[in-house]
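Next up, start-v5.txt (compact mmCIF, N, CA and C atoms):
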# COMPACT_ATOMS: atom_id res chain seq x y z
N MET A 1 5.09 -0.94 -0.71
CA MET A 1 5.16 0.10 -1.71
C MET A 1 4.35 -0.32 -2.93
N GLN A 2 3.89 0.64 -3.68
CA GLN A 2 3.09 0.42 -4.87
C GLN A 2 4.01 0.39 -6.09
N VAL A 3 3.91 -0.68 -6.88
CA VAL A 3 4.72 -0.79 -8.10
C VAL A 3 3.85 -1.31 -9.23
N THR A 4 4.32 -1.15 -10.45
CA THR A 4 3.61 -1.75 -11.57
C THR A 4 4.06 -3.20 -11.72
N LEU A 5 3.18 -3.98 -12.30
CA LEU A 5 3.44 -5.41 -12.47
C LEU A 5 4.75 -5.67 -13.21
N ARG A 6 5.10 -4.79 -14.15
CA ARG A 6 6.33 -4.99 -14.93
C ARG A 6 7.58 -5.06 -14.06
N ARG A 7 7.51 -4.57 -12.83
CA ARG A 7 8.68 -4.61 -11.93
C ARG A 7 8.92 -6.00 -11.36
N ILE A 8 7.85 -6.87 -11.36
CA ILE A 8 7.99 -8.20 -10.75
C ILE A 8 7.60 -9.35 -11.68
N ALA A 9 7.18 -9.02 -12.91
CA ALA A 9 6.74 -10.08 -13.83
C ALA A 9 6.88 -9.62 -15.28
N HIS A 10 6.80 -10.58 -16.17
CA HIS A 10 6.74 -10.28 -17.59
C HIS A 10 5.57 -11.06 -18.17
N THR A 11 5.23 -10.77 -19.42
CA THR A 11 4.08 -11.42 -20.05
C THR A 11 4.47 -12.05 -21.38
N ARG A 12 3.67 -13.03 -21.77
CA ARG A 12 3.73 -13.63 -23.09
C ARG A 12 2.29 -13.67 -23.58
N SER A 13 2.10 -13.60 -24.88
CA SER A 13 0.74 -13.60 -25.38
C SER A 13 0.61 -14.39 -26.66
N GLY A 14 -0.62 -14.69 -26.97
CA GLY A 14 -0.93 -15.33 -28.23
C GLY A 14 -2.37 -15.01 -28.56
N ASP A 15 -2.72 -15.18 -29.81
CA ASP A 15 -4.11 -14.98 -30.18
C ASP A 15 -4.50 -15.98 -31.24
N LYS A 16 -5.74 -16.39 -31.16
CA LYS A 16 -6.29 -17.36 -32.11
C LYS A 16 -7.75 -17.01 -32.29
N GLY A 17 -8.13 -16.73 -33.51
CA GLY A 17 -9.52 -16.34 -33.75
C GLY A 17 -9.84 -15.08 -32.98
N ASN A 18 -10.86 -15.14 -32.16
CA ASN A 18 -11.31 -13.98 -31.39
C ASN A 18 -10.90 -14.10 -29.91
N THR A 19 -9.91 -14.93 -29.63
CA THR A 19 -9.48 -15.19 -28.25
C THR A 19 -8.01 -14.83 -28.09
N SER A 20 -7.72 -14.15 -26.99
CA SER A 20 -6.34 -13.82 -26.65
C SER A 20 -5.93 -14.60 -25.42
N ASN A 21 -4.71 -15.02 -25.39
CA ASN A 21 -4.14 -15.76 -24.27
C ASN A 21 -2.98 -14.94 -23.72
N ILE A 22 -3.01 -14.64 -22.42
CA ILE A 22 -1.95 -13.85 -21.80
C ILE A 22 -1.41 -14.60 -20.59
N ALA A 23 -0.11 -14.86 -20.60
CA ALA A 23 0.56 -15.48 -19.45
C ALA A 23 1.33 -14.40 -18.71
N VAL A 24 1.14 -14.35 -17.40
CA VAL A 24 1.87 -13.43 -16.53
C VAL A 24 2.85 -14.28 -15.73
N ILE A 25 4.14 -14.02 -15.89
CA ILE A 25 5.18 -14.88 -15.35
C ILE A 25 6.01 -14.11 -14.33
N ALA A 26 6.00 -14.57 -13.09
CA ALA A 26 6.75 -13.92 -12.02
C ALA A 26 8.25 -14.08 -12.26
N TYR A 27 9.01 -13.00 -12.02
CA TYR A 27 10.46 -13.08 -12.16
C TYR A 27 11.08 -13.96 -11.09
N GLU A 28 10.49 -13.98 -9.90
CA GLU A 28 11.03 -14.78 -8.79
C GLU A 28 9.88 -15.51 -8.11
N PRO A 29 10.15 -16.69 -7.54
CA PRO A 29 9.09 -17.45 -6.87
C PRO A 29 8.38 -16.66 -5.77
N ASP A 30 9.10 -15.81 -5.03
CA ASP A 30 8.48 -15.02 -3.97
C ASP A 30 7.45 -14.04 -4.51
N PHE A 31 7.60 -13.62 -5.74
CA PHE A 31 6.69 -12.63 -6.33
C PHE A 31 5.33 -13.23 -6.70
N TYR A 32 5.33 -14.51 -6.99
CA TYR A 32 4.10 -15.15 -7.50
C TYR A 32 2.89 -15.01 -6.57
N PRO A 33 2.99 -15.31 -5.27
CA PRO A 33 1.80 -15.21 -4.42
C PRO A 33 1.19 -13.81 -4.39
N VAL A 34 2.01 -12.79 -4.47
CA VAL A 34 1.50 -11.41 -4.49
C VAL A 34 0.73 -11.16 -5.79
N ILE A 35 1.29 -11.63 -6.89
CA ILE A 35 0.62 -11.49 -8.18
C ILE A 35 -0.69 -12.27 -8.17
N GLU A 36 -0.66 -13.49 -7.66
CA GLU A 36 -1.84 -14.35 -7.64
C GLU A 36 -2.98 -13.72 -6.84
N ARG A 37 -2.64 -13.09 -5.72
CA ARG A 37 -3.68 -12.43 -4.90
C ARG A 37 -4.24 -11.19 -5.58
N ALA A 38 -3.39 -10.41 -6.23
CA ALA A 38 -3.82 -9.12 -6.78
C ALA A 38 -4.45 -9.21 -8.15
N LEU A 39 -3.95 -10.08 -9.00
CA LEU A 39 -4.39 -10.10 -10.40
C LEU A 39 -5.51 -11.12 -10.59
N THR A 40 -6.68 -10.74 -10.12
CA THR A 40 -7.87 -11.58 -10.22
C THR A 40 -8.53 -11.38 -11.59
N VAL A 41 -9.55 -12.15 -11.85
CA VAL A 41 -10.32 -11.96 -13.08
C VAL A 41 -10.94 -10.56 -13.08
N ALA A 42 -11.48 -10.13 -11.94
CA ALA A 42 -12.08 -8.79 -11.85
C ALA A 42 -11.04 -7.70 -12.11
N ALA A 43 -9.84 -7.87 -11.56
CA ALA A 43 -8.77 -6.89 -11.80
C ALA A 43 -8.39 -6.88 -13.28
N MET A 44 -8.30 -8.04 -13.87
CA MET A 44 -7.95 -8.14 -15.29
C MET A 44 -9.03 -7.46 -16.14
N ARG A 45 -10.28 -7.67 -15.80
CA ARG A 45 -11.37 -7.03 -16.55
C ARG A 45 -11.27 -5.51 -16.43
N GLY A 46 -10.84 -5.00 -15.27
CA GLY A 46 -10.71 -3.57 -15.06
C GLY A 46 -9.58 -2.92 -15.84
N ILE A 47 -8.65 -3.71 -16.32
CA ILE A 47 -7.51 -3.18 -17.07
C ILE A 47 -7.93 -2.73 -18.46
N TYR A 48 -8.92 -3.40 -19.04
CA TYR A 48 -9.31 -3.15 -20.42
C TYR A 48 -10.65 -2.43 -20.50
N PRO A 49 -10.80 -1.56 -21.49
CA PRO A 49 -12.11 -0.96 -21.72
C PRO A 49 -13.11 -2.06 -22.10
N GLU A 50 -14.36 -1.84 -21.81
CA GLU A 50 -15.39 -2.85 -22.08
C GLU A 50 -15.39 -3.33 -23.52
N GLN A 51 -15.15 -2.43 -24.46
CA GLN A 51 -15.17 -2.83 -25.87
C GLN A 51 -13.96 -3.68 -26.26
N ALA A 52 -12.91 -3.69 -25.45
CA ALA A 52 -11.70 -4.45 -25.79
C ALA A 52 -11.87 -5.95 -25.51
N VAL A 53 -12.54 -6.29 -24.42
CA VAL A 53 -12.77 -7.70 -24.07
C VAL A 53 -14.26 -7.86 -23.81
N ARG A 54 -14.95 -8.42 -24.78
CA ARG A 54 -16.41 -8.52 -24.71
C ARG A 54 -16.88 -9.83 -24.08
N GLY A 55 -16.03 -10.83 -24.06
CA GLY A 55 -16.44 -12.14 -23.56
C GLY A 55 -15.88 -12.44 -22.19
N ALA A 56 -15.90 -13.71 -21.86
CA ALA A 56 -15.43 -14.19 -20.56
C ALA A 56 -13.91 -14.07 -20.44
N ILE A 57 -13.46 -13.90 -19.21
CA ILE A 57 -12.04 -13.97 -18.88
C ILE A 57 -11.89 -15.13 -17.91
N THR A 58 -11.03 -16.06 -18.25
CA THR A 58 -10.77 -17.22 -17.39
C THR A 58 -9.33 -17.20 -16.96
N ARG A 59 -9.10 -17.45 -15.67
CA ARG A 59 -7.74 -17.45 -15.12
C ARG A 59 -7.35 -18.87 -14.74
N TYR A 60 -6.14 -19.26 -15.14
CA TYR A 60 -5.57 -20.55 -14.78
C TYR A 60 -4.28 -20.30 -14.03
N ALA A 61 -4.15 -20.88 -12.85
CA ALA A 61 -2.93 -20.74 -12.05
C ALA A 61 -2.02 -21.93 -12.32
N VAL A 62 -0.76 -21.65 -12.62
CA VAL A 62 0.25 -22.68 -12.81
C VAL A 62 1.30 -22.41 -11.74
N GLU A 63 0.95 -22.75 -10.52
CA GLU A 63 1.74 -22.37 -9.35
C GLU A 63 3.17 -22.86 -9.39
N GLY A 64 3.39 -24.08 -9.84
CA GLY A 64 4.75 -24.64 -9.88
C GLY A 64 5.69 -23.85 -10.77
N LEU A 65 5.15 -23.14 -11.73
CA LEU A 65 5.96 -22.33 -12.64
C LEU A 65 5.89 -20.84 -12.32
N GLY A 66 5.04 -20.46 -11.37
CA GLY A 66 4.88 -19.04 -11.04
C GLY A 66 4.20 -18.26 -12.15
N VAL A 67 3.17 -18.88 -12.75
CA VAL A 67 2.50 -18.28 -13.90
C VAL A 67 0.99 -18.22 -13.68
N LEU A 68 0.39 -17.11 -14.08
CA LEU A 68 -1.06 -17.02 -14.23
C LEU A 68 -1.33 -16.92 -15.72
N ASN A 69 -2.23 -17.74 -16.21
CA ASN A 69 -2.59 -17.70 -17.62
C ASN A 69 -4.04 -17.24 -17.72
N PHE A 70 -4.27 -16.21 -18.52
CA PHE A 70 -5.60 -15.66 -18.73
C PHE A 70 -6.03 -15.91 -20.17
N VAL A 71 -7.27 -16.37 -20.32
CA VAL A 71 -7.86 -16.53 -21.64
C VAL A 71 -8.97 -15.49 -21.74
N LEU A 72 -8.84 -14.59 -22.71
CA LEU A 72 -9.77 -13.50 -22.92
C LEU A 72 -10.57 -13.77 -24.19
N GLU A 73 -11.84 -14.08 -24.02
CA GLU A 73 -12.70 -14.37 -25.16
C GLU A 73 -13.33 -13.08 -25.67
N GLY A 74 -13.54 -13.02 -26.96
CA GLY A 74 -14.14 -11.83 -27.55
C GLY A 74 -13.22 -10.62 -27.41
N ALA A 75 -11.91 -10.87 -27.52
CA ALA A 75 -10.94 -9.80 -27.24
C ALA A 75 -10.26 -9.24 -28.49
N LEU A 76 -10.59 -9.77 -29.64
CA LEU A 76 -9.83 -9.36 -30.83
C LEU A 76 -10.70 -8.82 -31.94
N GLY A 77 -11.83 -8.23 -31.57
CA GLY A 77 -12.68 -7.59 -32.56
C GLY A 77 -13.15 -8.52 -33.68
N GLY A 78 -13.41 -9.77 -33.35
CA GLY A 78 -13.86 -10.74 -34.35
C GLY A 78 -12.75 -11.63 -34.87
N GLY A 79 -11.52 -11.32 -34.50
CA GLY A 79 -10.37 -12.11 -34.95
C GLY A 79 -9.33 -11.20 -35.55
N VAL A 80 -8.08 -11.56 -35.39
CA VAL A 80 -6.98 -10.71 -35.83
C VAL A 80 -7.08 -10.36 -37.31
N SER A 81 -7.40 -11.32 -38.13
CA SER A 81 -7.44 -11.04 -39.57
C SER A 81 -8.69 -10.28 -40.00
N ARG A 82 -9.71 -10.20 -39.14
CA ARG A 82 -10.95 -9.50 -39.47
C ARG A 82 -11.05 -8.12 -38.85
N SER A 83 -10.26 -7.85 -37.83
CA SER A 83 -10.41 -6.63 -37.04
C SER A 83 -9.62 -5.46 -37.60
N LEU A 84 -10.19 -4.28 -37.48
CA LEU A 84 -9.48 -3.05 -37.79
C LEU A 84 -8.83 -2.48 -36.53
N ALA A 85 -9.07 -3.12 -35.38
CA ALA A 85 -8.57 -2.64 -34.09
C ALA A 85 -7.20 -3.26 -33.81
N ILE A 86 -6.18 -2.77 -34.46
CA ILE A 86 -4.84 -3.33 -34.34
C ILE A 86 -4.36 -3.34 -32.89
N ASP A 87 -4.75 -2.35 -32.11
CA ASP A 87 -4.30 -2.27 -30.72
C ASP A 87 -4.79 -3.44 -29.87
N ASN A 88 -5.78 -4.18 -30.32
CA ASN A 88 -6.30 -5.27 -29.51
C ASN A 88 -5.57 -6.59 -29.74
N TYR A 89 -4.59 -6.64 -30.58
CA TYR A 89 -3.86 -7.88 -30.76
C TYR A 89 -3.24 -8.30 -29.43
N GLY A 90 -2.95 -9.58 -29.30
CA GLY A 90 -2.47 -10.15 -28.04
C GLY A 90 -1.31 -9.41 -27.40
N LYS A 91 -0.34 -8.99 -28.17
CA LYS A 91 0.83 -8.32 -27.59
C LYS A 91 0.46 -7.00 -26.93
N ALA A 92 -0.46 -6.26 -27.55
CA ALA A 92 -0.90 -5.00 -26.95
C ALA A 92 -1.68 -5.24 -25.67
N LEU A 93 -2.52 -6.28 -25.66
CA LEU A 93 -3.28 -6.61 -24.46
C LEU A 93 -2.34 -7.03 -23.34
N ALA A 94 -1.32 -7.82 -23.67
CA ALA A 94 -0.36 -8.26 -22.66
C ALA A 94 0.46 -7.10 -22.12
N SER A 95 0.80 -6.18 -22.98
CA SER A 95 1.56 -5.00 -22.55
C SER A 95 0.75 -4.15 -21.57
N ALA A 96 -0.54 -4.04 -21.81
CA ALA A 96 -1.40 -3.24 -20.92
C ALA A 96 -1.42 -3.81 -19.50
N VAL A 97 -1.35 -5.12 -19.36
CA VAL A 97 -1.35 -5.76 -18.04
C VAL A 97 -0.16 -5.30 -17.21
N LEU A 98 0.96 -5.05 -17.85
CA LEU A 98 2.17 -4.69 -17.13
C LEU A 98 2.07 -3.34 -16.42
N ARG A 99 1.07 -2.53 -16.76
CA ARG A 99 0.85 -1.25 -16.07
C ARG A 99 0.00 -1.41 -14.81
N PHE A 100 -0.53 -2.61 -14.57
CA PHE A 100 -1.34 -2.88 -13.39
C PHE A 100 -0.51 -2.61 -12.13
N GLU A 101 -1.09 -1.92 -11.17
CA GLU A 101 -0.36 -1.58 -9.94
C GLU A 101 -0.75 -2.51 -8.80
N LEU A 102 0.25 -2.89 -8.02
CA LEU A 102 0.01 -3.74 -6.86
C LEU A 102 0.98 -3.39 -5.75
N GLU A 103 0.65 -3.84 -4.57
CA GLU A 103 1.43 -3.54 -3.37
C GLU A 103 2.44 -4.66 -3.12
N VAL A 104 3.70 -4.28 -2.90
CA VAL A 104 4.75 -5.25 -2.57
C VAL A 104 5.50 -4.76 -1.33
N PRO A 105 6.16 -5.67 -0.62
CA PRO A 105 6.92 -5.25 0.56
C PRO A 105 8.07 -4.30 0.20
N ASP A 106 8.30 -3.31 1.04
CA ASP A 106 9.41 -2.37 0.82
C ASP A 106 10.75 -3.08 0.70
N ALA A 107 10.90 -4.19 1.40
CA ALA A 107 12.17 -4.94 1.38
C ALA A 107 12.50 -5.49 0.00
N TRP A 108 11.54 -5.54 -0.89
CA TRP A 108 11.79 -6.05 -2.24
C TRP A 108 12.45 -5.02 -3.15
N ALA A 109 12.58 -3.79 -2.72
CA ALA A 109 13.11 -2.72 -3.58
C ALA A 109 14.37 -3.12 -4.35
N PRO A 110 15.38 -3.74 -3.73
CA PRO A 110 16.58 -4.10 -4.49
C PRO A 110 16.36 -5.22 -5.52
N ARG A 111 15.26 -5.96 -5.39
CA ARG A 111 14.99 -7.09 -6.28
C ARG A 111 14.10 -6.73 -7.46
N LEU A 112 13.55 -5.53 -7.47
CA LEU A 112 12.62 -5.13 -8.53
C LEU A 112 13.36 -4.92 -9.83
N ARG A 113 12.70 -5.20 -10.93
CA ARG A 113 13.29 -5.04 -12.26
C ARG A 113 12.88 -3.70 -12.86
N GLY A 114 13.71 -3.21 -13.75
CA GLY A 114 13.37 -2.02 -14.53
C GLY A 114 13.38 -0.73 -13.74
N PRO A 115 13.03 0.35 -14.43
CA PRO A 115 13.03 1.67 -13.81
C PRO A 115 11.90 1.79 -12.79
N GLY A 116 12.06 2.73 -11.88
CA GLY A 116 11.05 3.00 -10.87
C GLY A 116 9.80 3.62 -11.46
N ARG A 117 8.81 3.75 -10.65
CA ARG A 117 7.49 4.24 -11.07
C ARG A 117 7.58 5.63 -11.70
N GLU A 118 8.44 6.48 -11.17
CA GLU A 118 8.57 7.83 -11.71
C GLU A 118 9.02 7.82 -13.17
N ALA A 119 9.78 6.82 -13.57
CA ALA A 119 10.25 6.72 -14.95
C ALA A 119 9.14 6.19 -15.87
N GLU A 120 8.13 5.50 -15.30
CA GLU A 120 7.06 4.93 -16.08
C GLU A 120 5.99 5.95 -16.43
N GLU A 121 5.92 7.03 -15.71
CA GLU A 121 4.85 8.02 -15.92
C GLU A 121 5.22 9.04 -16.95

File written out as C-alpha cells:
Amino acid sequence: MQVTLRRIAHTRSGDKGNTSNIAVIAYEPDFYPVIERALTVAAMRGIYPEQAVRGAITRYAVEGLGVLNFVLEGALGGGVSRSLAIDNYGKALASAVLRFELEVPDAWAPRLRGPGREAEE
C-alpha cells in the first residue's frame, strides 16, 4: 500500500548558515530498509522546488539507529538570518519530507502511525 513517510518515520532538523540538516528516523527497525530504498538523494531533490535547495544534497545512513541524515547545501536562501524565505528554515524542509509517498507491505497497516492517507489530503 502507498503511505506517506510520516506514517513510518519522524524527522528532526537543524540549520547552520546556508545548510540544512534533516534526519529521517524510522519508528520501527523493520521500517528502516523501506525508507532507505525509497528516500534516495534523487527522491529528496524531487521533494523541494529547485529554488529551495540550490546546492548538493548528501545522504548519510546510520543503519544501527534506523536513521537517514541528509545535508542540504544552499537550502536557506543565504542563511537563516539573511533570508526573507521563512518557509525554507530547517523545520519547514523537514516537514515537507514527511509528505513523501512510499510503498509498504499491507501487513504493516496496524503498525502505521497517525491518520490514514485520506485524512492527510

**Message:** Ranking A:Val71, A:Thr4, A:Gly14, A:Thr19 by minimum distance to Ala38 of chain A and counting only C-alpha atoms, which one comes first?
**Reply:** A:Thr4

DSSP strand (DSSP E or B) residues within chain A, listed as a PDB file with N, CA and C atoms, in the coordinates of the input:
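Written out: selection.pdb:
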ATOM      1  N   GLN A   2       3.890   0.640  -3.680  1.00  0.00           N
ATOM      2  CA  GLN A   2       3.090   0.420  -4.870  1.00  0.00           C
ATOM      3  C   GLN A   2       4.010   0.390  -6.090  1.00  0.00           C
ATOM      4  N   VAL A   3       3.910  -0.680  -6.880  1.00  0.00           N
ATOM      5  CA  VAL A   3       4.720  -0.790  -8.100  1.00  0.00           C
ATOM      6  C   VAL A   3       3.850  -1.310  -9.230  1.00  0.00           C
ATOM      7  N   THR A   4       4.320  -1.150 -10.450  1.00  0.00           N
ATOM      8  CA  THR A   4       3.610  -1.750 -11.570  1.00  0.00           C
ATOM      9  C   THR A   4       4.060  -3.200 -11.720  1.00  0.00           C
ATOM     10  N   ALA A   9       7.180  -9.020 -12.910  1.00  0.00           N
ATOM     11  CA  ALA A   9       6.740 -10.080 -13.830  1.00  0.00           C
ATOM     12  C   ALA A   9       6.880  -9.620 -15.280  1.00  0.00           C
ATOM     13  N   HIS A  10       6.800 -10.580 -16.170  1.00  0.00           N
ATOM     14  CA  HIS A  10       6.740 -10.280 -17.590  1.00  0.00           C
ATOM     15  C   HIS A  10       5.570 -11.060 -18.170  1.00  0.00           C
ATOM     16  N   THR A  11       5.230 -10.770 -19.420  1.00  0.00           N
ATOM     17  CA  THR A  11       4.080 -11.420 -20.050  1.00  0.00           C
ATOM     18  C   THR A  11       4.470 -12.050 -21.380  1.00  0.00           C
ATOM     19  N   ARG A  12       3.670 -13.030 -21.770  1.00  0.00           N
ATOM     20  CA  ARG A  12       3.730 -13.630 -23.090  1.00  0.00           C
ATOM     21  C   ARG A  12       2.290 -13.670 -23.580  1.00  0.00           C
ATOM     22  N   SER A  13       2.100 -13.600 -24.880  1.00  0.00           N
ATOM     23  CA  SER A  13       0.740 -13.600 -25.380  1.00  0.00           C
ATOM     24  C   SER A  13       0.610 -14.390 -26.660  1.00  0.00           C
ATOM     25  N   GLY A  14      -0.620 -14.690 -26.970  1.00  0.00           N
ATOM     26  CA  GLY A  14      -0.930 -15.330 -28.230  1.00  0.00           C
ATOM     27  C   GLY A  14      -2.370 -15.010 -28.560  1.00  0.00           C
ATOM     28  N   ASP A  15      -2.720 -15.180 -29.810  1.00  0.00           N
ATOM     29  CA  ASP A  15      -4.110 -14.980 -30.180  1.00  0.00           C
ATOM     30  C   ASP A  15      -4.500 -15.980 -31.240  1.00  0.00           C
ATOM     31  N   LYS A  16      -5.740 -16.390 -31.160  1.00  0.00           N
ATOM     32  CA  LYS A  16      -6.290 -17.360 -32.110  1.00  0.00           C
ATOM     33  C   LYS A  16      -7.750 -17.010 -32.290  1.00  0.00           C
ATOM     34  N   THR A  19      -9.910 -14.930 -29.630  1.00  0.00           N
ATOM     35  CA  THR A  19      -9.480 -15.190 -28.250  1.00  0.00           C
ATOM     36  C   THR A  19      -8.010 -14.830 -28.090  1.00  0.00           C
ATOM     37  N   SER A  20      -7.720 -14.150 -26.990  1.00  0.00           N
ATOM     38  CA  SER A  20      -6.340 -13.820 -26.650  1.00  0.00           C
ATOM     39  C   SER A  20      -5.930 -14.600 -25.420  1.00  0.00           C
ATOM     40  N   ASN A  21      -4.710 -15.020 -25.390  1.00  0.00           N
ATOM     41  CA  ASN A  21      -4.140 -15.760 -24.270  1.00  0.00           C
ATOM     42  C   ASN A  21      -2.980 -14.940 -23.720  1.00  0.00           C
ATOM     43  N   ILE A  22      -3.010 -14.640 -22.420  1.00  0.00           N
ATOM     44  CA  ILE A  22      -1.950 -13.850 -21.800  1.00  0.00           C
ATOM     45  C   ILE A  22      -1.410 -14.600 -20.590  1.00  0.00           C
ATOM     46  N   ALA A  23      -0.110 -14.860 -20.600  1.00  0.00           N
ATOM     47  CA  ALA A  23       0.560 -15.480 -19.450  1.00  0.00           C
ATOM     48  C   ALA A  23       1.330 -14.400 -18.710  1.00  0.00           C
ATOM     49  N   VAL A  24       1.140 -14.350 -17.400  1.00  0.00           N
ATOM     50  CA  VAL A  24       1.870 -13.430 -16.530  1.00  0.00           C
ATOM     51  C   VAL A  24       2.850 -14.280 -15.730  1.00  0.00           C
ATOM     52  N   ILE A  25       4.140 -14.020 -15.890  1.00  0.00           N
ATOM     53  CA  ILE A  25       5.180 -14.880 -15.350  1.00  0.00           C
ATOM     54  C   ILE A  25       6.010 -14.110 -14.330  1.00  0.00           C
ATOM     55  N   ALA A  26       6.000 -14.570 -13.090  1.00  0.00           N
ATOM     56  CA  ALA A  26       6.750 -13.920 -12.020  1.00  0.00           C
ATOM     57  C   ALA A  26       8.250 -14.080 -12.260  1.00  0.00           C
ATOM     58  N   ILE A  57     -13.460 -13.900 -19.210  1.00  0.00           N
ATOM     59  CA  ILE A  57     -12.040 -13.970 -18.880  1.00  0.00           C
ATOM     60  C   ILE A  57     -11.890 -15.130 -17.910  1.00  0.00           C
ATOM     61  N   THR A  58     -11.030 -16.060 -18.250  1.00  0.00           N
ATOM     62  CA  THR A  58     -10.770 -17.220 -17.390  1.00  0.00           C
ATOM     63  C   THR A  58      -9.330 -17.200 -16.960  1.00  0.00           C
ATOM     64  N   ARG A  59      -9.100 -17.450 -15.670  1.00  0.00           N
ATOM     65  CA  ARG A  59      -7.740 -17.450 -15.120  1.00  0.00           C
ATOM     66  C   ARG A  59      -7.350 -18.870 -14.740  1.00  0.00           C
ATOM     67  N   TYR A  60      -6.140 -19.260 -15.140  1.00  0.00           N
ATOM     68  CA  TYR A  60      -5.570 -20.550 -14.780  1.00  0.00           C
ATOM     69  C   TYR A  60      -4.280 -20.300 -14.030  1.00  0.00           C
ATOM     70  N   ALA A  61      -4.150 -20.880 -12.850  1.00  0.00           N
ATOM     71  CA  ALA A  61      -2.930 -20.740 -12.050  1.00  0.00           C
ATOM     72  C   ALA A  61      -2.020 -21.930 -12.320  1.00  0.00           C
ATOM     73  N   VAL A  62      -0.760 -21.650 -12.620  1.00  0.00           N
ATOM     74  CA  VAL A  62       0.250 -22.680 -12.810  1.00  0.00           C
ATOM     75  C   VAL A  62       1.300 -22.410 -11.740  1.00  0.00           C
ATOM     76  N   VAL A  67       3.170 -18.880 -12.750  1.00  0.00           N
ATOM     77  CA  VAL A  67       2.500 -18.280 -13.900  1.00  0.00           C
ATOM     78  C   VAL A  67       0.990 -18.220 -13.680  1.00  0.00           C
ATOM     79  N   LEU A  68       0.390 -17.110 -14.080  1.00  0.00           N
ATOM     80  CA  LEU A  68      -1.060 -17.020 -14.230  1.00  0.00           C
ATOM     81  C   LEU A  68      -1.330 -16.920 -15.720  1.00  0.00           C
ATOM     82  N   ASN A  69      -2.230 -17.740 -16.210  1.00  0.00           N
ATOM     83  CA  ASN A  69      -2.590 -17.700 -17.620  1.00  0.00           C
ATOM     84  C   ASN A  69      -4.040 -17.240 -17.720  1.00  0.00           C
ATOM     85  N   PHE A  70      -4.270 -16.210 -18.520  1.00  0.00           N
ATOM     86  CA  PHE A  70      -5.600 -15.660 -18.730  1.00  0.00           C
ATOM     87  C   PHE A  70      -6.030 -15.910 -20.170  1.00  0.00           C
ATOM     88  N   VAL A  71      -7.270 -16.370 -20.320  1.00  0.00           N
ATOM     89  CA  VAL A  71      -7.860 -16.530 -21.640  1.00  0.00           C
ATOM     90  C   VAL A  71      -8.970 -15.490 -21.740  1.00  0.00           C
ATOM     91  N   LEU A  72      -8.840 -14.590 -22.710  1.00  0.00           N
ATOM     92  CA  LEU A  72      -9.770 -13.500 -22.920  1.00  0.00           C
ATOM     93  C   LEU A  72     -10.570 -13.770 -24.190  1.00  0.00           C
ATOM     94  N   GLU A  73     -11.840 -14.080 -24.020  1.00  0.00           N
ATOM     95  CA  GLU A  73     -12.700 -14.370 -25.160  1.00  0.00           C
ATOM     96  C   GLU A  73     -13.330 -13.080 -25.670  1.00  0.00           C
ATOM     97  N   GLU A 101      -1.090  -1.920 -11.170  1.00  0.00           N
ATOM     98  CA  GLU A 101      -0.360  -1.580  -9.940  1.00  0.00           C
ATOM     99  C   GLU A 101      -0.750  -2.510  -8.800  1.00  0.00           C
ATOM    100  N   LEU A 102       0.250  -2.890  -8.020  1.00  0.00           N
ATOM    101  CA  LEU A 102       0.010  -3.740  -6.860  1.00  0.00           C
ATOM    102  C   LEU A 102       0.980  -3.390  -5.750  1.00  0.00           C
ATOM    103  N   GLU A 103       0.650  -3.840  -4.570  1.00  0.00           N
ATOM    104  CA  GLU A 103       1.430  -3.540  -3.370  1.00  0.00           C
ATOM    105  C   GLU A 103       2.440  -4.660  -3.120  1.00  0.00           C
TER     106      GLU A 103
END

**Message:** Need the shell around segment 45-55 of chain A: protein/DNA/RNA residues with any atom at most 5 Å away, counting only N, CA and C atoms. Skip same-chain ones fewer than 2 positions apart. Format as a PyMOL selection string?
**Reply:** chain A and resi 41-43+57+73-75

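Our summary of the geometry notes that atom CA of Met1 of chain A is positioned 11.1 Å from atom N of Pro110 of chain A.
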
**Prompt:** Got a sec to tell me which of chain A DSSP assigns to helix (DSSP H, G or I), as a PyMOL selection string?
**Reply:** chain A and resi 5-7+29-38+41-47+63-65+86-88+90-97+106-111+117-120

**Fill in**
Using only C-alpha atoms, the shortest atom-to-atom distance to Gly114 of chain A among A:Leu68, A:Ile22, A:Tyr27, A:Leu93 belongs to A:Tyr27

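Interatomic distance, atom CA of Leu72 of chain A against atom CA of Thr58 of chain A: 6.7 Å.
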
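Of the listed residues A:Asn21, A:Lys16, A:Arg7, A:Pro33, the one whose atoms come nearest to Asn69 of chain A is A:Asn21, with distances taken using only N, CA and C atoms.
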
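Of note, atom C of Val67 of chain A and atom CA of Pro105 of chain A are spaced 20.2 Å apart.
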
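Of the residues under consideration (A:Val62, A:Leu5, A:Val24, A:Leu39), A:Leu5 shows the shortest atom-to-atom contact distance to Arg99 of chain A when counting only C-alpha atoms.
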
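With only N, CA and C atoms as the basis for measurement, A:Phe70 is the residue among A:Phe70, A:Tyr60, A:Trp108, A:Phe100 that approaches Ser20 of chain A most closely.
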
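Nearest-residue note for His10 of chain A: choosing from A:Ala94, A:Leu65, A:Val34, A:Ala107, the minimum distance belongs to A:Ala94, counting only C-alpha atoms.
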